[in-house]
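A.B. asks: This one is input.cif, mmCIF, C-alpha atoms.
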```cif
data_data
#
loop_
_atom_site.label_atom_id
_atom_site.label_comp_id
_atom_site.auth_asym_id
_atom_site.auth_seq_id
_atom_site.Cartn_x
_atom_site.Cartn_y
_atom_site.Cartn_z
CA MET A 1 -28.86 -26.27 19.07
CA SER A 2 -31.42 -27.90 21.36
CA THR A 3 -30.68 -31.41 22.60
CA GLY A 4 -34.30 -32.33 23.14
CA PRO A 5 -36.02 -35.42 21.69
CA ALA A 6 -36.23 -34.01 18.16
CA ALA A 7 -32.53 -33.12 18.08
CA CYS A 8 -31.53 -36.50 19.50
CA ALA A 9 -33.68 -38.22 16.86
CA ASP A 10 -31.92 -36.15 14.19
CA LEU A 11 -28.50 -37.23 15.49
CA GLU A 12 -29.69 -40.85 15.47
CA ARG A 13 -30.65 -40.45 11.82
CA ARG A 14 -27.21 -39.12 11.03
CA LEU A 15 -25.61 -42.04 12.85
CA GLU A 16 -28.05 -44.46 11.20
CA TYR A 17 -28.49 -45.98 14.65
CA ARG A 18 -31.47 -45.78 17.04
CA PHE A 19 -30.69 -46.02 20.74
CA HIS A 20 -32.78 -48.28 22.94
CA ASP A 21 -31.55 -46.37 26.01
CA LYS A 22 -31.72 -42.65 25.17
CA THR A 23 -29.85 -41.72 28.35
CA LEU A 24 -26.71 -43.24 26.84
CA LEU A 25 -26.96 -40.87 23.89
CA LEU A 26 -27.54 -37.89 26.18
CA THR A 27 -24.56 -38.86 28.33
CA ALA A 28 -22.31 -39.21 25.29
CA ILE A 29 -22.97 -35.62 24.19
CA THR A 30 -22.82 -33.96 27.63
CA HIS A 31 -19.73 -31.85 28.36
CA ALA A 32 -18.35 -31.37 31.87
CA SER A 33 -19.54 -27.75 31.83
CA ALA A 34 -23.12 -29.08 31.80
CA ALA A 35 -22.48 -31.62 34.56
CA GLY A 36 -25.47 -30.40 36.56
CA VAL A 37 -27.75 -31.42 33.70
CA HIS A 38 -26.67 -35.00 33.16
CA PRO A 39 -23.70 -37.38 33.65
CA THR A 40 -20.86 -36.44 31.29
CA TYR A 41 -19.18 -38.24 28.42
CA GLU A 42 -15.81 -39.06 30.04
CA ARG A 43 -16.59 -42.64 31.12
CA LEU A 44 -18.17 -43.49 27.78
CA GLU A 45 -15.18 -41.93 26.03
CA PHE A 46 -12.89 -44.26 28.01
CA LEU A 47 -14.93 -47.25 26.86
CA GLY A 48 -15.38 -46.02 23.30
CA ASP A 49 -11.65 -45.53 22.84
CA ARG A 50 -11.12 -49.25 23.56
CA VAL A 51 -14.05 -50.39 21.41
CA LEU A 52 -12.90 -48.22 18.51
CA GLY A 53 -9.38 -49.58 18.83
CA LEU A 54 -10.61 -53.18 18.72
CA VAL A 55 -12.92 -52.63 15.77
CA ILE A 56 -10.38 -50.68 13.71
CA SER A 57 -7.60 -53.20 14.47
CA ASP A 58 -9.78 -56.12 13.40
CA PHE A 59 -10.96 -54.24 10.32
CA LEU A 60 -7.40 -53.47 9.22
CA MET A 61 -6.22 -57.05 9.73
CA ARG A 62 -9.06 -58.33 7.55
CA ARG A 63 -8.57 -55.63 4.92
CA HIS A 64 -4.75 -55.96 4.68
CA PRO A 65 -3.96 -59.63 5.32
CA ILE A 66 -0.31 -59.50 4.20
CA GLU A 67 0.84 -56.28 5.89
CA ASN A 68 3.11 -56.51 8.90
CA GLU A 69 2.47 -55.10 12.37
CA GLY A 70 4.32 -51.85 11.70
CA GLU A 71 2.33 -51.11 8.53
CA LEU A 72 -0.96 -51.91 10.27
CA ALA A 73 0.06 -49.71 13.20
CA ARG A 74 0.62 -46.73 10.91
CA ARG A 75 -2.79 -47.19 9.32
CA PHE A 76 -4.36 -47.56 12.75
CA SER A 77 -2.76 -44.39 14.11
CA ALA A 78 -4.00 -42.36 11.16
CA LEU A 79 -7.57 -43.63 11.54
CA VAL A 80 -7.91 -43.03 15.29
CA ASP A 81 -6.00 -39.77 15.69
CA ARG A 82 -7.78 -36.61 16.79
CA ALA A 83 -7.96 -35.18 13.28
CA SER A 84 -9.76 -38.27 11.93
CA LEU A 85 -12.14 -38.40 14.90
CA ALA A 86 -12.94 -34.72 14.53
CA GLU A 87 -13.46 -35.10 10.76
CA ILE A 88 -16.08 -37.78 11.35
CA ALA A 89 -17.64 -35.71 14.13
CA ASN A 90 -17.90 -32.77 11.73
CA CYS A 91 -19.54 -34.99 9.10
CA LEU A 92 -22.20 -35.68 11.73
CA ASP A 93 -22.36 -31.97 12.62
CA LEU A 94 -21.73 -33.21 16.15
CA GLY A 95 -20.73 -29.83 17.54
CA ASN A 96 -24.33 -28.65 17.19
CA TYR A 97 -25.60 -31.43 19.44
CA LEU A 98 -23.21 -31.03 22.38
CA ARG A 99 -24.71 -30.19 25.77
CA LEU A 100 -22.60 -27.26 26.97
CA SER A 101 -22.91 -24.52 29.52
CA PRO A 102 -23.90 -21.16 27.97
CA GLY A 103 -20.41 -19.83 28.61
CA GLU A 104 -18.67 -22.73 26.90
CA GLN A 105 -21.11 -22.57 24.02
CA ALA A 106 -20.40 -18.88 23.53
CA ALA A 107 -16.66 -19.59 23.67
CA GLY A 108 -16.97 -22.00 20.73
CA VAL A 109 -16.11 -25.17 22.64
CA GLY A 110 -18.37 -27.09 20.26
CA ASN A 111 -15.79 -26.49 17.52
CA ASN A 112 -12.83 -27.76 19.56
CA GLU A 113 -11.22 -30.65 17.66
CA SER A 114 -10.09 -32.44 20.82
CA ILE A 115 -13.54 -32.31 22.41
CA LEU A 116 -15.25 -33.41 19.20
CA GLY A 117 -12.91 -36.39 19.07
CA ASP A 118 -13.66 -37.28 22.69
CA VAL A 119 -17.43 -37.11 22.10
CA MET A 120 -17.11 -39.23 18.96
CA GLU A 121 -15.40 -41.91 21.04
CA ALA A 122 -18.12 -41.54 23.68
CA LEU A 123 -20.78 -42.20 21.04
CA VAL A 124 -19.00 -45.40 20.02
CA GLY A 125 -18.94 -46.43 23.69
CA ALA A 126 -22.61 -45.56 24.06
CA ILE A 127 -23.59 -47.71 21.09
CA TYR A 128 -21.56 -50.60 22.48
CA LYS A 129 -23.28 -50.26 25.87
CA ASP A 130 -26.69 -49.97 24.22
CA THR A 131 -26.57 -52.96 21.88
CA GLY A 132 -23.14 -54.59 21.83
CA LEU A 133 -20.02 -54.98 19.75
CA GLU A 134 -21.61 -55.83 16.41
CA ALA A 135 -23.73 -52.68 16.40
CA ALA A 136 -20.66 -50.60 17.30
CA ARG A 137 -18.67 -52.35 14.56
CA GLU A 138 -21.33 -51.57 11.96
CA VAL A 139 -21.37 -47.87 12.82
CA VAL A 140 -17.59 -47.56 13.04
CA GLU A 141 -16.95 -49.32 9.74
CA ARG A 142 -19.60 -47.23 7.99
CA PHE A 143 -18.02 -43.93 8.99
CA TRP A 144 -14.34 -44.92 9.01
CA LEU A 145 -14.33 -46.77 5.68
CA PRO A 146 -14.05 -43.57 3.56
CA LEU A 147 -10.98 -42.55 5.59
CA ALA A 148 -9.44 -46.01 5.22
CA ASN A 149 -10.00 -45.91 1.45
CA ARG A 150 -7.86 -42.78 1.10
CA ALA A 151 -4.59 -44.51 1.99
CA GLU A 152 -3.44 -46.95 -0.67
CA LYS A 153 -0.18 -47.42 1.22
CA PRO A 154 0.37 -47.27 5.00
CA PRO A 155 0.68 -43.57 5.85
CA LEU A 156 3.69 -42.22 7.67
CA ASP A 157 3.22 -40.76 11.11
CA PRO A 158 3.32 -36.95 10.59
CA LYS A 159 6.35 -36.56 12.88
CA THR A 160 8.21 -39.25 10.94
CA ALA A 161 7.19 -37.72 7.62
CA LEU A 162 8.39 -34.27 8.72
CA GLN A 163 11.67 -35.71 10.00
CA GLU A 164 12.33 -37.51 6.70
CA LEU A 165 11.50 -34.37 4.73
CA ALA A 166 13.83 -32.22 6.83
CA GLN A 167 16.67 -34.72 6.47
CA SER A 168 16.13 -35.09 2.72
CA ASN A 169 16.68 -31.34 2.39
CA GLY A 170 19.91 -31.52 4.36
CA GLY A 171 18.54 -29.71 7.39
CA GLN A 172 18.47 -30.43 11.10
CA LEU A 173 15.79 -32.56 12.71
CA PRO A 174 12.48 -30.81 13.53
CA ARG A 175 12.54 -29.03 16.88
CA TYR A 176 9.49 -29.18 19.16
CA LYS A 177 8.79 -26.87 22.08
CA GLN A 178 5.74 -26.78 24.34
CA THR A 179 4.55 -23.18 24.52
CA SER A 180 1.51 -23.45 26.78
CA GLN A 181 -0.96 -25.66 28.61
CA SER A 182 -4.52 -24.56 29.29
CA GLY A 183 -7.86 -25.96 30.35
CA PRO A 184 -8.84 -27.93 33.46
CA ASP A 185 -6.79 -30.90 34.69
CA HIS A 186 -9.33 -33.40 33.37
CA GLU A 187 -9.34 -31.81 29.90
CA PRO A 188 -5.98 -30.13 29.26
CA ILE A 189 -5.01 -28.51 25.98
CA PHE A 190 -1.31 -28.50 25.11
CA THR A 191 0.19 -26.14 22.53
CA VAL A 192 3.46 -27.10 20.87
CA GLU A 193 5.62 -25.20 18.38
CA VAL A 194 7.65 -26.98 15.71
CA GLU A 195 10.29 -25.51 13.45
CA ILE A 196 12.69 -26.67 10.78
CA ASP A 197 15.43 -24.77 9.00
CA GLY A 198 14.23 -22.10 6.62
CA VAL A 199 10.53 -22.22 7.56
CA GLU A 200 8.49 -20.17 10.02
CA PRO A 201 7.51 -22.17 13.12
CA VAL A 202 3.91 -23.35 13.39
CA LEU A 203 1.75 -24.37 16.34
CA GLY A 204 -0.32 -27.44 17.07
CA GLU A 205 -2.78 -28.26 19.85
CA GLY A 206 -3.80 -31.55 21.43
CA SER A 207 -5.06 -33.21 24.57
CA SER A 208 -1.51 -34.47 25.27
CA LYS A 209 1.95 -33.19 24.46
CA ARG A 210 2.40 -36.02 21.97
CA ALA A 211 -0.91 -35.23 20.25
CA ALA A 212 0.06 -31.55 20.05
CA GLU A 213 3.41 -32.47 18.47
CA ARG A 214 1.60 -34.59 15.86
CA ALA A 215 -0.80 -31.73 15.16
CA ALA A 216 2.08 -29.28 14.78
CA ALA A 217 3.92 -31.65 12.43
CA THR A 218 0.77 -32.11 10.35
CA ALA A 219 0.28 -28.34 10.14
CA LEU A 220 3.88 -27.75 9.06
CA LEU A 221 3.65 -30.49 6.43
CA GLY A 222 0.58 -28.67 5.11
CA VAL A 223 2.50 -25.40 4.91
CA LEU A 224 5.36 -27.10 3.07
CA SER A 225 3.04 -28.80 0.57
CA LYS A 226 1.46 -25.46 -0.33
CA SER A 227 4.84 -23.84 -0.88
CA LYS A 228 5.92 -26.37 -3.49
#
```
Could I get this file's structure written as structure tokens?
C.D. replies:
Amino acid sequence: MSTGPAACADLERRLEYRFHDKTLLLTAITHASAAGVHPTYERLEFLGDRVLGLVISDFLMRRHPIENEGELARRFSALVDRASLAEIANCLDLGNYLRLSPGEQAAGVGNNESILGDVMEALVGAIYKDTGLEAAREVVERFWLPLANRAEKPPLDPKTALQELAQSNGGQLPRYKQTSQSGPDHEPIFTVEVEIDGVEPVLGEGSSKRAAERAAATALLGVLSKSK
């Protein structure tokens, strides 16, 4: 999709936020493969990650005033993990607005969960830079509230949930093995395999080994839930 003025205005409508400085929006959606076109999203992603963390932490403390640190931390992790970021990015159809090189576009990079999550964080950082914390808070709470409403109780980390399930069935602990690492140094993709007794191993990908392990655990939990 084109990232000209009309497309940027369409993304602003989806965000329900109008940028004063349009270059911030363009930077937030520019991938490294299109670096010759415009500065890329990495610095805004760095900022947005911190802004998102602050806003979500404050939101959870206000929403759950009697929960302890561990319970809040589990809620927080579920709301800011790559899957949640990518889900919100997909609600915005963000992949269609990314500025990519023709080669990366043809390779389907716009559908990569890790990249979508990074760009979502960059957009949060861009809004913060454009107007400030309250504007970023308003956008974050609008889009993250439906995810927060799903969890009546603090969710278990997927690795913890898989471990407890394996132990409850009398089996060994889940076994994780990194099978590959691809992509450039600034944007690596790790692939990890996880297996438990009696079930075919499954793979997960992430921008870190830990993220890939969480993705693999989530995928295997999905397989197990369908087999019940």
A.B. asks: Which polymer residues have any atom within 10 Å of an atom of A:Ala217, counting all atoms listed in the file, with same-chain residues fewer than 4 positions away left out, as JSON, numbers by chain?
C.D. replies: {"A": [157, 158, 159, 160, 161, 162, 163, 174, 176, 192, 193, 194, 195, 202, 203, 204, 211, 212, 213, 221, 222, 223]}
A.B. asks: In Å to one decimal, how far is atom CA of A:Leu100 from atom CA of A:Phe143?
C.D. replies: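 The value is 24.9 Å.
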A.B. asks: For the interface of stretch 115-179 of chain A with stretch 74-84 of chain A (cut-off 9 Å, counting only C-alpha atoms), please tabulate each contacting residue of stretch 115-179 of chain A alongside its nearest pair of atoms and their separation in Å to one decimal, rows sorted by chain and increasing number, as CSV.
C.D. replies:
```
residue,atom,partner,partner_atom,distance
A:Leu116,CA,A:Arg82,CA,8.5
A:Gly117,CA,A:Arg82,CA,5.6
A:Asp118,CA,A:Arg82,CA,8.4
A:Trp144,CA,A:Leu79,CA,7.3
A:Leu147,CA,A:Leu79,CA,6.9
A:Ala148,CA,A:Leu79,CA,7.0
A:Ala151,CA,A:Arg75,CA,8.0
A:Lys153,CA,A:Arg75,CA,8.5
A:Pro154,CA,A:Arg75,CA,5.4
A:Pro155,CA,A:Arg74,CA,6.0
A:Leu156,CA,A:Arg74,CA,6.3
A:Asp157,CA,A:Arg74,CA,6.5
```
A.B. asks: My list of candidates is A:Val119, A:Leu224, A:Val51, A:Leu98. Which is closest to A:Ala7 when distances are computed with all atoms listed in the file?
C.D. replies: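 Going through A:Val119, A:Leu224, A:Val51, A:Leu98 one by one, the smallest distance to A:Ala7 is for A:Leu98.
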A.B. asks: Just give me the gap between atom CA of A:Asp49 and atom CA of A:Ile127 in Å, one decimal is fine.
C.D. replies: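 The value is 12.3 Å.
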A.B. asks: Check the smallest atom-to-atom distance from each of A:Tyr97, A:Thr131, A:Ala9, A:Leu54 to A:Asp21 using only C-alpha atoms, then report the winner.
C.D. replies: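 With only C-alpha atoms as the atom set, the closest residue is A:Thr131.
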A.B. asks: Between atom CA of A:Leu47 and atom CA of A:Phe190, measure the distance and give it in Å to one decimal.
C.D. replies: 23.2 Å
A.B. asks: Any idea what's packed within 8 Å of A:Ala166, counting all atoms listed in the file, ignoring anything in its chain fewer than 6 positions away? Could you give it as a VMD selection string?
C.D. replies: chain A and resid 172 to 174 196 to 197
A.B. asks: Write out as a PDB file with C-alpha atoms, keeping the file's coordinate frame each polymer residue whose atoms come within 8 Å of stretch 31-34 of chain A, counting all atoms listed in the file; drop sequence neighbours fewer than 3 positions from it.
C.D. replies:
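Generated output (around29.pdb):
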```
ATOM      1  CA  VAL A  37     -27.750 -31.420  33.700  1.00  0.00           C
ATOM      2  CA  HIS A  38     -26.670 -35.000  33.160  1.00  0.00           C
ATOM      3  CA  THR A  40     -20.860 -36.440  31.290  1.00  0.00           C
ATOM      4  CA  TYR A  41     -19.180 -38.240  28.420  1.00  0.00           C
ATOM      5  CA  LEU A  98     -23.210 -31.030  22.380  1.00  0.00           C
ATOM      6  CA  ARG A  99     -24.710 -30.190  25.770  1.00  0.00           C
ATOM      7  CA  LEU A 100     -22.600 -27.260  26.970  1.00  0.00           C
ATOM      8  CA  SER A 101     -22.910 -24.520  29.520  1.00  0.00           C
ATOM      9  CA  GLU A 104     -18.670 -22.730  26.900  1.00  0.00           C
TER      10      GLU A 104
END
```
A.B. asks: Could you tell me which of A:Gly125, A:Glu16, A:Glu71, A:Ser207 comes closest to A:Glu187 if we count only C-alpha atoms?
C.D. replies: A:Ser207
A.B. asks: Could you rebuild stretch 50-79 of chain A with N, CA and C atoms and give me the result as a PDB file, in the frame of the given file?
C.D. replies:
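That gives us out35.pdb:
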```pdb
ATOM      1  N   ARG A  50     -11.517 -47.840  23.632  1.00  0.00           N
ATOM      2  CA  ARG A  50     -11.120 -49.250  23.560  1.00  0.00           C
ATOM      3  C   ARG A  50     -11.922 -50.000  22.496  1.00  0.00           C
ATOM      4  N   VAL A  51     -13.213 -49.727  22.417  1.00  0.00           N
ATOM      5  CA  VAL A  51     -14.050 -50.390  21.410  1.00  0.00           C
ATOM      6  C   VAL A  51     -13.596 -49.991  20.014  1.00  0.00           C
ATOM      7  N   LEU A  52     -13.366 -48.704  19.817  1.00  0.00           N
ATOM      8  CA  LEU A  52     -12.900 -48.220  18.510  1.00  0.00           C
ATOM      9  C   LEU A  52     -11.582 -48.875  18.131  1.00  0.00           C
ATOM     10  N   GLY A  53     -10.667 -48.961  19.102  1.00  0.00           N
ATOM     11  CA  GLY A  53      -9.380 -49.580  18.830  1.00  0.00           C
ATOM     12  C   GLY A  53      -9.514 -51.034  18.394  1.00  0.00           C
ATOM     13  N   LEU A  54     -10.385 -51.777  19.078  1.00  0.00           N
ATOM     14  CA  LEU A  54     -10.610 -53.180  18.720  1.00  0.00           C
ATOM     15  C   LEU A  54     -11.204 -53.308  17.325  1.00  0.00           C
ATOM     16  N   VAL A  55     -12.242 -52.521  17.056  1.00  0.00           N
ATOM     17  CA  VAL A  55     -12.920 -52.630  15.770  1.00  0.00           C
ATOM     18  C   VAL A  55     -11.999 -52.229  14.611  1.00  0.00           C
ATOM     19  N   ILE A  56     -11.276 -51.129  14.773  1.00  0.00           N
ATOM     20  CA  ILE A  56     -10.380 -50.680  13.710  1.00  0.00           C
ATOM     21  C   ILE A  56      -9.234 -51.675  13.507  1.00  0.00           C
ATOM     22  N   SER A  57      -8.684 -52.216  14.596  1.00  0.00           N
ATOM     23  CA  SER A  57      -7.600 -53.200  14.470  1.00  0.00           C
ATOM     24  C   SER A  57      -8.068 -54.434  13.714  1.00  0.00           C
ATOM     25  N   ASP A  58      -9.240 -54.944  14.072  1.00  0.00           N
ATOM     26  CA  ASP A  58      -9.780 -56.120  13.400  1.00  0.00           C
ATOM     27  C   ASP A  58     -10.078 -55.818  11.932  1.00  0.00           C
ATOM     28  N   PHE A  59     -10.645 -54.654  11.677  1.00  0.00           N
ATOM     29  CA  PHE A  59     -10.960 -54.240  10.320  1.00  0.00           C
ATOM     30  C   PHE A  59      -9.698 -54.186   9.446  1.00  0.00           C
ATOM     31  N   LEU A  60      -8.629 -53.609   9.993  1.00  0.00           N
ATOM     32  CA  LEU A  60      -7.400 -53.470   9.220  1.00  0.00           C
ATOM     33  C   LEU A  60      -6.741 -54.823   8.960  1.00  0.00           C
ATOM     34  N   MET A  61      -6.800 -55.726   9.927  1.00  0.00           N
ATOM     35  CA  MET A  61      -6.220 -57.050   9.730  1.00  0.00           C
ATOM     36  C   MET A  61      -6.966 -57.822   8.641  1.00  0.00           C
ATOM     37  N   ARG A  62      -8.283 -57.663   8.590  1.00  0.00           N
ATOM     38  CA  ARG A  62      -9.060 -58.330   7.550  1.00  0.00           C
ATOM     39  C   ARG A  62      -8.836 -57.683   6.185  1.00  0.00           C
ATOM     40  N   ARG A  63      -8.696 -56.374   6.179  1.00  0.00           N
ATOM     41  CA  ARG A  63      -8.570 -55.630   4.920  1.00  0.00           C
ATOM     42  C   ARG A  63      -7.178 -55.759   4.309  1.00  0.00           C
ATOM     43  N   HIS A  64      -6.140 -55.915   5.163  1.00  0.00           N
ATOM     44  CA  HIS A  64      -4.750 -55.960   4.680  1.00  0.00           C
ATOM     45  C   HIS A  64      -4.073 -57.209   5.246  1.00  0.00           C
ATOM     46  N   PRO A  65      -4.418 -58.374   4.720  1.00  0.00           N
ATOM     47  CA  PRO A  65      -3.960 -59.630   5.320  1.00  0.00           C
ATOM     48  C   PRO A  65      -2.465 -59.897   5.219  1.00  0.00           C
ATOM     49  N   ILE A  66      -1.744 -59.199   4.342  1.00  0.00           N
ATOM     50  CA  ILE A  66      -0.310 -59.500   4.200  1.00  0.00           C
ATOM     51  C   ILE A  66       0.582 -58.399   4.783  1.00  0.00           C
ATOM     52  N   GLU A  67       0.002 -57.342   5.315  1.00  0.00           N
ATOM     53  CA  GLU A  67       0.840 -56.280   5.890  1.00  0.00           C
ATOM     54  C   GLU A  67       1.341 -56.682   7.265  1.00  0.00           C
ATOM     55  N   ASN A  68       2.540 -56.183   7.592  1.00  0.00           N
ATOM     56  CA  ASN A  68       3.110 -56.510   8.900  1.00  0.00           C
ATOM     57  C   ASN A  68       2.574 -55.588   9.988  1.00  0.00           C
ATOM     58  N   GLU A  69       2.998 -55.847  11.215  1.00  0.00           N
ATOM     59  CA  GLU A  69       2.470 -55.100  12.370  1.00  0.00           C
ATOM     60  C   GLU A  69       2.763 -53.608  12.269  1.00  0.00           C
ATOM     61  N   GLY A  70       3.966 -53.257  11.791  1.00  0.00           N
ATOM     62  CA  GLY A  70       4.320 -51.850  11.700  1.00  0.00           C
ATOM     63  C   GLY A  70       3.456 -51.105  10.692  1.00  0.00           C
ATOM     64  N   GLU A  71       3.171 -51.734   9.552  1.00  0.00           N
ATOM     65  CA  GLU A  71       2.330 -51.110   8.530  1.00  0.00           C
ATOM     66  C   GLU A  71       0.890 -50.954   9.029  1.00  0.00           C
ATOM     67  N   LEU A  72       0.389 -51.997   9.707  1.00  0.00           N
ATOM     68  CA  LEU A  72      -0.960 -51.910  10.270  1.00  0.00           C
ATOM     69  C   LEU A  72      -1.028 -50.820  11.333  1.00  0.00           C
ATOM     70  N   ALA A  73       0.043 -50.712  12.129  1.00  0.00           N
ATOM     71  CA  ALA A  73       0.060 -49.710  13.200  1.00  0.00           C
ATOM     72  C   ALA A  73      -0.003 -48.301  12.639  1.00  0.00           C
ATOM     73  N   ARG A  74       0.658 -48.061  11.507  1.00  0.00           N
ATOM     74  CA  ARG A  74       0.620 -46.730  10.910  1.00  0.00           C
ATOM     75  C   ARG A  74      -0.778 -46.413  10.383  1.00  0.00           C
ATOM     76  N   ARG A  75      -1.412 -47.402   9.776  1.00  0.00           N
ATOM     77  CA  ARG A  75      -2.790 -47.190   9.320  1.00  0.00           C
ATOM     78  C   ARG A  75      -3.706 -46.917  10.515  1.00  0.00           C
ATOM     79  N   PHE A  76      -3.530 -47.709  11.556  1.00  0.00           N
ATOM     80  CA  PHE A  76      -4.360 -47.560  12.750  1.00  0.00           C
ATOM     81  C   PHE A  76      -4.222 -46.155  13.337  1.00  0.00           C
ATOM     82  N   SER A  77      -2.999 -45.710  13.508  1.00  0.00           N
ATOM     83  CA  SER A  77      -2.760 -44.390  14.110  1.00  0.00           C
ATOM     84  C   SER A  77      -3.440 -43.281  13.318  1.00  0.00           C
ATOM     85  N   ALA A  78      -3.386 -43.393  11.998  1.00  0.00           N
ATOM     86  CA  ALA A  78      -4.000 -42.360  11.160  1.00  0.00           C
ATOM     87  C   ALA A  78      -5.517 -42.358  11.289  1.00  0.00           C
ATOM     88  N   LEU A  79      -6.117 -43.535  11.491  1.00  0.00           N
ATOM     89  CA  LEU A  79      -7.570 -43.630  11.540  1.00  0.00           C
ATOM     90  C   LEU A  79      -8.157 -43.234  12.890  1.00  0.00           C
TER      91      LEU A  79
END
```
